[in-house]
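To be precise, the following lines are target16.cif, and they hold mmCIF, C-alpha atoms.
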data_query
#
loop_
_atom_site.label_atom_id
_atom_site.label_comp_id
_atom_site.auth_asym_id
_atom_site.auth_seq_id
_atom_site.Cartn_x
_atom_site.Cartn_y
_atom_site.Cartn_z
CA MET A 1 -15.52 -2.95 16.53
CA THR A 2 -14.28 -1.50 19.81
CA ASN A 3 -10.76 -0.30 20.52
CA ASN A 4 -9.17 -3.66 21.36
CA LEU A 5 -5.75 -2.10 21.93
CA ASN A 6 -7.20 -0.26 24.93
CA ILE A 7 -5.43 2.97 24.03
CA LYS A 8 -6.72 6.49 23.78
CA PRO A 9 -7.56 7.32 20.16
CA LEU A 10 -4.55 8.80 18.40
CA ARG A 11 -4.86 12.35 17.09
CA ALA A 12 -4.02 12.64 13.40
CA ALA A 13 -3.81 15.32 10.75
CA PHE A 14 -4.07 14.77 7.01
CA ILE A 15 -1.93 16.41 4.38
CA GLY A 16 -4.00 15.81 1.27
CA GLY A 17 -6.88 13.37 1.34
CA SER A 18 -9.75 15.69 0.43
CA ILE A 19 -13.23 14.36 -0.26
CA ASN A 20 -12.53 14.81 -3.98
CA SER A 21 -9.28 12.83 -3.97
CA ALA A 22 -8.89 9.20 -4.96
CA VAL A 23 -8.09 7.92 -1.48
CA GLY A 24 -9.01 10.59 1.06
CA TYR A 25 -12.43 9.42 2.17
CA ALA A 26 -11.28 5.79 2.27
CA HIS A 27 -8.50 6.80 4.65
CA PHE A 28 -10.84 8.84 6.81
CA VAL A 29 -13.39 6.03 7.16
CA SER A 30 -10.85 3.25 7.67
CA SER A 31 -8.67 5.11 10.14
CA THR A 32 -11.61 5.97 12.38
CA MET A 33 -13.49 2.69 12.00
CA ASP A 34 -12.15 0.99 15.13
CA ASN A 35 -11.98 4.08 17.35
CA LEU A 36 -8.17 4.06 17.26
CA TRP A 37 -7.74 7.35 15.41
CA VAL A 38 -9.43 10.72 15.19
CA VAL A 39 -8.75 13.27 12.46
CA ASP A 40 -8.30 16.53 14.36
CA ALA A 41 -6.61 18.77 11.79
CA GLY A 42 -5.63 18.95 8.17
CA CYS A 43 -4.48 20.67 5.04
CA PHE A 44 -6.68 18.57 2.79
CA SER A 45 -6.44 20.45 -0.50
CA LEU A 46 -4.77 23.43 -2.14
CA ASN A 47 -8.26 24.45 -3.24
CA THR A 48 -9.56 26.57 -0.35
CA GLU A 49 -13.23 25.74 -0.83
CA ARG A 50 -12.53 22.01 -1.16
CA ASN A 51 -10.20 22.14 1.83
CA HIS A 52 -12.88 23.57 4.11
CA LYS A 53 -15.66 21.37 2.73
CA THR A 54 -13.50 18.35 3.51
CA ALA A 55 -12.90 19.58 7.04
CA GLU A 56 -16.64 19.96 7.53
CA ALA A 57 -17.27 16.45 6.17
CA TYR A 58 -14.60 14.97 8.45
CA GLY A 59 -15.76 16.89 11.51
CA VAL A 60 -12.60 19.00 11.85
CA GLU A 61 -12.94 22.30 13.69
CA PRO A 62 -12.58 25.36 11.40
CA GLY A 63 -9.66 26.68 13.45
CA ARG A 64 -7.63 23.56 12.71
CA VAL A 65 -7.95 23.63 8.93
CA TYR A 66 -4.92 25.03 7.15
CA ASP A 67 -4.34 26.33 3.64
CA ASN A 68 -0.61 25.59 3.96
CA TRP A 69 0.78 22.33 5.31
CA ARG A 70 3.93 23.97 6.67
CA GLU A 71 1.79 26.35 8.71
CA MET A 72 -0.05 23.34 10.09
CA LEU A 73 3.20 21.73 11.23
CA LYS A 74 4.11 24.90 13.12
CA LYS A 75 0.75 25.48 14.77
CA GLU A 76 -0.11 21.86 15.59
CA LYS A 77 3.08 21.08 17.48
CA ASP A 78 2.27 19.00 20.61
CA ARG A 79 -1.38 18.71 19.54
CA LEU A 80 -1.04 15.67 17.26
CA ASP A 81 0.13 12.08 17.53
CA ALA A 82 0.81 11.62 13.80
CA VAL A 83 0.63 13.28 10.40
CA ILE A 84 -0.80 11.20 7.55
CA ILE A 85 0.50 12.19 4.10
CA LEU A 86 -1.95 11.39 1.29
CA THR A 87 -0.70 13.61 -1.52
CA PRO A 88 0.59 12.40 -4.92
CA THR A 89 3.88 10.51 -4.75
CA GLN A 90 5.91 13.30 -6.36
CA SER A 91 5.36 15.48 -3.28
CA HIS A 92 6.21 12.89 -0.62
CA TYR A 93 9.95 13.54 -0.43
CA GLU A 94 9.88 17.08 0.95
CA MET A 95 6.72 16.57 2.98
CA VAL A 96 7.96 13.45 4.77
CA ILE A 97 11.37 14.94 5.51
CA GLU A 98 10.02 18.26 6.81
CA THR A 99 7.34 16.54 8.89
CA LEU A 100 9.90 14.21 10.49
CA GLU A 101 12.20 17.15 11.16
CA ALA A 102 9.29 18.97 12.82
CA GLY A 103 9.05 16.08 15.27
CA PHE A 104 5.85 14.40 14.09
CA PRO A 105 5.40 10.65 13.55
CA VAL A 106 4.65 10.17 9.85
CA ILE A 107 2.33 7.77 8.05
CA CYS A 108 2.80 8.05 4.29
CA GLU A 109 0.88 6.61 1.38
CA LYS A 110 2.88 4.47 -0.98
CA ALA A 111 5.16 5.03 -2.81
CA LEU A 112 7.44 6.67 -0.26
CA GLY A 113 9.38 8.45 -3.01
CA THR A 114 9.90 8.51 -6.74
CA THR A 115 13.45 7.09 -6.62
CA SER A 116 15.53 4.98 -4.26
CA SER A 117 17.75 8.02 -3.67
CA GLU A 118 14.78 9.98 -2.31
CA ALA A 119 13.76 7.10 -0.07
CA GLU A 120 17.32 6.72 1.23
CA GLN A 121 17.38 10.39 2.20
CA ILE A 122 14.08 9.93 4.00
CA LEU A 123 15.54 6.95 5.87
CA LYS A 124 18.52 9.05 6.94
CA THR A 125 16.18 11.74 8.21
CA ARG A 126 14.09 9.21 10.11
CA ASP A 127 17.18 7.77 11.78
CA ARG A 128 18.72 11.18 12.52
CA THR A 129 15.53 12.41 14.18
CA ASN A 130 14.75 9.04 15.77
CA GLY A 131 11.37 9.47 14.14
CA PHE A 132 8.47 7.16 13.41
CA LEU A 133 7.68 6.39 9.78
CA ALA A 134 5.16 3.90 8.42
CA VAL A 135 4.39 3.40 4.73
CA ILE A 136 0.85 2.41 3.76
CA TYR A 137 0.45 -0.89 1.89
CA ASN A 138 -3.11 -1.96 2.55
CA TYR A 139 -3.51 -5.10 0.43
CA SER A 140 -1.45 -7.24 2.80
CA ALA A 141 -3.99 -6.29 5.48
CA TYR A 142 -6.69 -8.42 3.89
CA PRO A 143 -7.30 -11.22 6.41
CA MET A 144 -7.07 -13.97 3.79
CA VAL A 145 -3.68 -12.68 2.63
CA ARG A 146 -2.58 -12.92 6.25
CA GLU A 147 -4.01 -16.44 6.38
CA LEU A 148 -1.95 -17.29 3.31
CA GLN A 149 1.17 -15.96 4.99
CA ASN A 150 0.39 -18.21 7.95
CA LEU A 151 0.03 -21.26 5.68
CA ILE A 152 3.39 -20.52 4.06
CA LYS A 153 5.10 -20.07 7.43
CA LYS A 154 3.66 -23.38 8.65
CA GLY A 155 5.04 -25.17 5.58
CA ILE A 156 1.65 -26.19 4.16
CA LEU A 157 2.81 -25.21 0.67
CA GLY A 158 6.30 -26.62 1.17
CA ASP A 159 9.31 -24.75 -0.14
CA ILE A 160 8.17 -21.88 -2.37
CA ILE A 161 9.58 -22.29 -5.87
CA HIS A 162 7.84 -19.66 -8.00
CA PHE A 163 5.00 -17.14 -8.06
CA GLN A 164 2.86 -14.99 -10.32
CA ALA A 165 1.74 -11.56 -9.16
CA GLU A 166 -0.48 -9.40 -11.34
CA MET A 167 -2.43 -6.19 -11.04
CA PRO A 168 -4.15 -5.38 -14.34
CA GLN A 169 -6.48 -2.40 -14.61
CA GLU A 170 -8.29 -0.81 -17.54
CA GLY A 171 -8.41 2.90 -16.75
CA TYR A 172 -6.22 4.14 -19.58
CA LEU A 173 -8.46 2.59 -22.25
CA ARG A 174 -11.85 3.21 -20.62
CA ILE A 175 -14.53 5.42 -22.08
CA ASP A 176 -17.61 6.88 -20.40
CA ALA A 177 -21.23 6.34 -21.38
CA SER A 178 -20.93 9.07 -24.04
CA GLY A 179 -17.87 7.49 -25.61
CA ASN A 180 -15.40 10.02 -24.20
CA LYS A 181 -12.00 9.05 -22.86
CA ILE A 182 -11.85 8.93 -19.07
CA ILE A 183 -9.03 11.24 -17.99
CA PRO A 184 -7.10 10.27 -14.83
CA GLN A 185 -5.66 12.71 -12.30
CA THR A 186 -3.05 15.00 -13.84
CA TRP A 187 -0.19 13.70 -11.70
CA ARG A 188 -0.70 10.18 -13.04
CA LEU A 189 0.09 11.40 -16.56
CA HIS A 190 3.72 12.27 -15.83
CA ASP A 191 6.50 9.68 -15.71
CA GLY A 192 9.84 10.17 -14.01
CA PHE A 193 12.78 7.77 -14.30
CA VAL A 194 10.57 5.23 -12.55
CA PRO A 195 7.21 5.36 -14.36
CA THR A 196 4.16 6.25 -12.31
CA ILE A 197 2.59 2.84 -12.94
CA HIS A 198 5.42 1.22 -10.95
CA LEU A 199 4.89 3.64 -8.07
CA ASP A 200 1.14 3.08 -8.22
CA LEU A 201 0.78 -0.67 -8.83
CA ALA A 202 4.10 -2.53 -8.73
CA VAL A 203 4.77 -1.14 -5.28
CA HIS A 204 1.86 -3.22 -3.96
CA LEU A 205 2.99 -6.41 -5.70
CA HIS A 206 6.55 -6.11 -4.41
CA GLU A 207 5.32 -5.60 -0.84
CA LEU A 208 2.88 -8.51 -1.07
CA ILE A 209 5.51 -10.97 -2.28
CA TYR A 210 7.89 -9.91 0.47
CA TYR A 211 5.08 -10.11 3.02
CA LEU A 212 4.17 -13.65 1.97
CA THR A 213 7.59 -15.17 1.31
CA GLY A 214 10.08 -13.03 3.21
CA GLN A 215 12.33 -13.17 0.14
CA ARG A 216 13.88 -10.33 -1.86
CA PRO A 217 14.45 -9.66 -5.58
CA ILE A 218 17.97 -10.22 -6.88
CA GLU A 219 17.66 -9.57 -10.63
CA THR A 220 15.03 -8.95 -13.25
CA ILE A 221 14.33 -8.70 -16.96
CA SER A 222 11.45 -6.48 -17.95
CA ASP A 223 9.45 -5.06 -20.84
CA GLN A 224 7.21 -2.01 -20.81
CA ASN A 225 4.76 -0.43 -23.25
CA SER A 226 2.22 2.32 -23.73
CA PHE A 227 -1.01 0.96 -25.24
CA GLY A 228 -3.61 3.38 -23.86
CA TRP A 229 -4.92 6.84 -24.66
CA PHE A 230 -1.90 8.54 -23.12
CA PRO A 231 1.34 7.75 -25.01
CA GLU A 232 3.40 9.96 -22.71
CA VAL A 233 3.19 7.38 -19.90
CA ILE A 234 3.93 3.68 -19.56
CA ASP A 235 0.77 1.66 -18.95
CA ASN A 236 1.75 -2.02 -19.27
CA VAL A 237 4.72 -3.81 -17.70
CA THR A 238 5.81 -7.43 -17.49
CA CYS A 239 8.89 -8.82 -15.82
CA LEU A 240 10.59 -12.01 -14.79
CA SER A 241 12.47 -11.94 -11.52
CA ARG A 242 14.86 -14.09 -9.55
CA TYR A 243 14.57 -13.93 -5.79
CA THR A 244 16.59 -15.05 -2.82
CA ASN A 245 16.18 -18.69 -1.78
CA GLY A 246 15.97 -19.74 -5.42
CA ILE A 247 12.45 -18.43 -6.01
CA HIS A 248 11.43 -17.29 -9.50
CA GLY A 249 8.62 -14.85 -10.13
CA GLN A 250 6.53 -13.23 -12.83
CA TYR A 251 4.96 -9.78 -12.55
CA TRP A 252 2.34 -8.12 -14.74
CA PHE A 253 0.81 -4.75 -13.98
CA SER A 254 -1.22 -2.71 -16.41
CA LYS A 255 -3.65 0.16 -16.88
CA SER A 256 -4.56 -0.87 -20.42
CA ALA A 257 -6.18 -4.27 -19.75
CA ILE A 258 -9.86 -3.93 -20.60
CA GLY A 259 -12.08 -6.05 -18.41
CA HIS A 260 -10.07 -5.62 -15.22
CA ARG A 261 -11.29 -2.97 -12.79
CA ASN A 262 -8.56 -4.01 -10.37
CA GLY A 263 -7.44 -7.55 -11.15
CA LEU A 264 -5.00 -8.04 -8.29
CA ARG A 265 -4.21 -11.76 -8.18
CA LEU A 266 -1.49 -13.73 -6.42
CA ARG A 267 -0.47 -17.29 -7.23
CA ILE A 268 2.14 -18.84 -4.95
CA TYR A 269 3.56 -22.24 -5.90
CA GLY A 270 5.30 -24.55 -3.46
CA ARG A 271 6.58 -28.10 -3.73
CA LYS A 272 3.65 -29.51 -1.73
CA ALA A 273 0.80 -27.16 -2.64
CA SER A 274 -0.11 -23.88 -4.31
CA ALA A 275 -2.40 -21.05 -3.30
CA GLU A 276 -4.32 -18.44 -5.27
CA TRP A 277 -5.93 -15.25 -3.97
CA TYR A 278 -7.97 -12.83 -6.05
CA GLN A 279 -8.84 -9.42 -4.64
CA ALA A 280 -12.30 -9.41 -6.24
CA THR A 281 -13.23 -12.38 -4.01
CA PRO A 282 -11.14 -11.42 -1.00
CA GLU A 283 -12.60 -13.87 1.51
CA GLU A 284 -11.65 -16.94 -0.53
CA LEU A 285 -8.28 -18.65 -0.82
CA ILE A 286 -7.87 -21.55 -3.25
CA VAL A 287 -5.33 -24.15 -2.14
CA SER A 288 -4.34 -27.01 -4.47
CA TYR A 289 -2.34 -30.00 -3.23
CA SER A 290 0.14 -32.27 -4.97
CA ASP A 291 -2.22 -35.27 -4.58
CA GLY A 292 -4.87 -33.55 -6.69
CA ARG A 293 -7.07 -32.20 -3.89
CA LYS A 294 -8.32 -28.64 -4.10
CA GLU A 295 -9.83 -26.58 -1.28
CA ILE A 296 -11.57 -23.23 -1.13
CA LEU A 297 -10.86 -21.69 2.26
CA GLU A 298 -13.31 -19.05 3.48
CA ARG A 299 -13.76 -16.78 6.46
CA GLY A 300 -15.92 -18.65 8.93
CA ALA A 301 -14.11 -21.96 8.41
CA ALA A 302 -11.79 -23.38 11.07
CA LEU A 303 -8.82 -21.18 10.15
CA GLU A 304 -6.22 -19.59 12.40
CA VAL A 305 -6.00 -15.98 11.23
CA VAL A 306 -9.21 -14.85 9.54
CA ASN A 307 -11.32 -15.87 12.53
CA LEU A 308 -9.52 -13.56 14.93
CA HIS A 309 -12.00 -11.16 16.52
CA ARG A 310 -10.33 -8.08 15.04
CA TYR A 311 -11.06 -9.29 11.49
CA ASN A 312 -14.73 -10.04 12.14
CA ARG A 313 -16.54 -6.75 12.51
CA PHE A 314 -19.57 -8.70 11.36
CA LYS A 315 -20.16 -12.43 11.04
CA SER A 316 -19.00 -14.50 8.08
CA GLY A 317 -21.32 -14.61 5.11
CA HIS A 318 -21.33 -10.81 5.05
CA PRO A 319 -18.15 -10.01 3.10
CA ALA A 320 -15.63 -7.45 4.26
CA GLY A 321 -13.40 -5.77 1.71
CA PHE A 322 -11.06 -2.96 0.80
CA ILE A 323 -12.08 -0.43 3.47
CA GLU A 324 -11.90 -3.04 6.22
CA ALA A 325 -8.43 -4.07 5.02
CA PHE A 326 -7.39 -0.43 5.31
CA ALA A 327 -8.80 -0.39 8.83
CA ASN A 328 -6.80 -3.51 9.70
CA LEU A 329 -3.62 -1.70 8.69
CA TYR A 330 -4.53 1.40 10.68
CA TYR A 331 -5.04 -0.91 13.68
CA ASP A 332 -1.51 -2.26 13.19
CA ILE A 333 -0.03 1.21 12.72
CA ALA A 334 -1.72 2.36 15.93
CA ASP A 335 -0.14 -0.58 17.74
CA ALA A 336 3.30 0.22 16.27
CA LEU A 337 3.00 3.91 17.11
CA HIS A 338 1.94 3.08 20.66
CA GLN A 339 5.11 0.96 21.02
CA TYR A 340 7.16 3.86 19.70
CA ARG A 341 5.56 6.34 22.11
CA GLU A 342 6.25 4.02 25.03
CA SER A 343 9.85 3.00 24.25
CA GLY A 344 11.15 4.98 21.26
CA THR A 345 11.25 1.81 19.14
CA TRP A 346 8.71 -0.44 17.47
CA LYS A 347 8.45 -3.82 15.80
CA SER A 348 5.70 -5.17 13.58
CA GLU A 349 5.24 -7.99 11.09
CA GLN A 350 2.43 -6.04 9.45
CA VAL A 351 3.78 -2.48 9.15
CA PHE A 352 6.77 -1.46 7.04
CA SER A 353 8.95 1.64 6.98
CA ALA A 354 11.54 3.09 4.61
CA GLU A 355 13.70 -0.02 4.26
CA LEU A 356 11.17 -2.02 2.24
CA ALA A 357 10.31 1.07 0.21
CA ILE A 358 13.97 1.49 -0.76
CA GLU A 359 14.23 -2.14 -1.85
CA GLY A 360 11.10 -1.83 -3.97
CA LEU A 361 12.32 1.32 -5.69
CA LYS A 362 15.67 -0.30 -6.45
CA PHE A 363 13.78 -3.25 -7.92
CA PHE A 364 11.79 -0.91 -10.15
CA GLU A 365 14.95 0.93 -11.19
CA ALA A 366 16.44 -2.42 -12.22
CA MET A 367 13.30 -3.03 -14.31
CA ILE A 368 13.86 0.27 -16.11
CA ASP A 369 17.54 -0.53 -16.66
CA SER A 370 16.49 -3.89 -18.11
CA CYS A 371 14.01 -2.29 -20.49
CA LYS A 372 16.87 -0.18 -21.81
CA SER A 373 19.56 -2.87 -21.94
CA LYS A 374 17.25 -5.69 -23.08
CA LYS A 375 18.92 -8.07 -20.63
CA TRP A 376 18.82 -9.21 -17.01
CA GLU A 377 19.78 -6.49 -14.53
CA ARG A 378 20.79 -6.84 -10.89
CA VAL A 379 18.85 -5.11 -8.15
CA LYS A 380 21.48 -2.79 -6.68
#

Spit out the file's structure as structure tokens when you get a sec.
Amino acid sequence: MTNNLNIKPLRAAFIGGSINSAVGYAHFVSSTMDNLWVVDAGCFSLNTERNHKTAEAYGVEPGRVYDNWREMLKKEKDRLDAVIILTPTQSHYEMVIETLEAGFPVICEKALGTTSSEAEQILKTRDRTNGFLAVIYNYSAYPMVRELQNLIKKGILGDIIHFQAEMPQEGYLRIDASGNKIIPQTWRLHDGFVPTIHLDLAVHLHELIYYLTGQRPIETISDQNSFGWFPEVIDNVTCLSRYTNGIHGQYWFSKSAIGHRNGLRLRIYGRKASAEWYQATPEELIVSYSDGRKEILERGAALEVVNLHRYNRFKSGHPAGFIEAFANLYYDIADALHQYRESGTWKSEQVFSAELAIEGLKFFEAMIDSCKSKKWERVK
């Protein structure tokens, strides 16, 4: 797809995101897919060899590869339009704050921080520096999720009364072909006050429900367990939640659910209809009506959102997926950053900053409080 925003490609640097990381190559491909971004510099890895191999793979000049991210911030001043932070969550706090203070627009992988206190300090820094900060939540950039949001806004489902949001995975009980346990990245095997599974999975579910309904969690009751190979970390969480506007919700996220590679599924129930979206079949949306009718909506049908040119890099019948959803979000971030560069402010229905991150972290902290108290806890 061509650059439909008609702007000069934005110059980015990565902190993290090496070719050996979980998300680095996906970010590189998706950010550059629509000719809206170029990766001009980076400190991709603390491993020198891996750092420079990544730069070569991404087409970054040797003189703009750095072994220290702070050195990069000093030497790349006025040469970049944004810094994209792709390191593990535990490192986000200091990196985001120092990058904002250095005057760079920041795009940060979820979760923004490990606690609401960290995220609140980041928000204060953003406001004090009048900086730009976008947090990456790519699942709401799937076109059919955006179509679902449109249906809800139009009232097709009626008043939303309850929902189920789940994201089961199997990684912490998987074995390889030789019968050996599959070991995840080291940083995933350390829990803080908010367990890593919340920062990894629940953060997506919280954002998706807000994106679709516009409503916010008020209180929750939760249970958590460790069922997998790694008893030092939580790997299975369920919770009930009460939301604004009288909506009730159920969450389940797990890394010990054999049979689910990534079972992200959303079920939204209204008084007139319900809708179900499953990430494994991302171009389908099942809508069931109160008169018994059921429809499967697909890209290529006469729908309002998924048929927009920007979501059709190739014709329907040739499914787009996770990488394209990432690219959709990078398109939206480019639009938001262009607004910011022009006026010092920006507004987007697709891109979120620190405020939503803070709410999500407070929601997760209430879940932890509930697991300890064994009762409903308010989201503070």

- Specify as a ChimeraX atom specification each residue included when the PyMOL selection byres ((chain A and resi 138-151) around 8) is applied to this file. /A:136-137,152-157,204,207-208,211-213,275,277,282-285,299,303-306,311,321-322,324-326,328-329,350

- Evaluate the PyMOL selection byres ((chain A and resi 244) around 12) on the structure here and hand back the selected residues as a ChimeraX atom specification. /A:160-162,209-210,213-219,241-243,245-249,379

- Item | Point-to-point distance in Å for CA of Phe364 (chain A) and CA of Gln90 (chain A) | 15.8 Å

- Item | Straight-line distance linking CA of Ser256 (chain A) with CA of Trp187 (chain A), stated in Å to one decimal | 17.5 Å

- Residues selected by the PyMOL selection byres ((chain A and resi 60-75) around 9), written as number ranges by chain: A: 13, 15, 39-48, 51-52, 54-59, 76-79, 83, 95, 98-99, 102, 104

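Of note, CA of Arg188 (chain A) and CA of Ile107 (chain A) are spaced 21.4 Å apart.
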
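Comparing the minimum interatomic distances between Lys380 (chain A) and each of A:Ser116, A:Arg293, A:Tyr172, A:Glu109, counting all atoms listed in the file, we find that A:Ser116 sits nearest.
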
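Using all atoms listed in the file for every distance, the candidate list A:Tyr289, A:Phe253, A:Tyr25, A:Phe132 yields A:Phe132 as the residue closest to Phe352 (chain A).
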
- Message: List as a ChimeraX atom specification the protein and nucleic acid residues near Phe193 (chain A), meaning an atom at most 9 Å away when all atoms listed in the file are counted, but skip any in the same chain fewer than 2 places from it.
- Response: /A:114-115,191,195-196,365,368

- Hey, can you pull every residue with an atom no more than 12 Å from (4.6, -7.3, -20.2), using all atoms listed in the file, and send it as a VMD selection string? chain A and resid 166 to 168 221 to 227 234 to 240 250 to 257 367 371

- Message: List the spatial neighbours of Lys8 (chain A) as a PyMOL selection string - criterion: any atom at most 12 Å away, only C-alpha atoms, same-chain residues fewer than 5 positions off excluded.
- Response: chain A and resi 2-3+34-38+81+334-335+338

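In terms of minimum interatomic distance to Arg50 (chain A), A:Ile19 ranks closest within A:Ile19, A:Met33, A:Ile268, A:Ala366, counting all atoms listed in the file.
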
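Of the listed residues (A:Phe14, A:Gly103, A:Thr220, A:Ser348), A:Thr220 comes nearest to Ser373 (chain A); the distances count only C-alpha atoms.
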
- Message: With distances taken over only C-alpha atoms, which residue among A:Asn6, A:Gln164, A:Ser31, A:Thr281 lies nearest Pro319 (chain A)?
- Response: A:Thr281

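With distances taken over all atoms listed in the file, A:Ala320 is the one residue among A:Ala320, A:Leu308, A:Ala301, A:Val233 lying closest to Ala280 (chain A).
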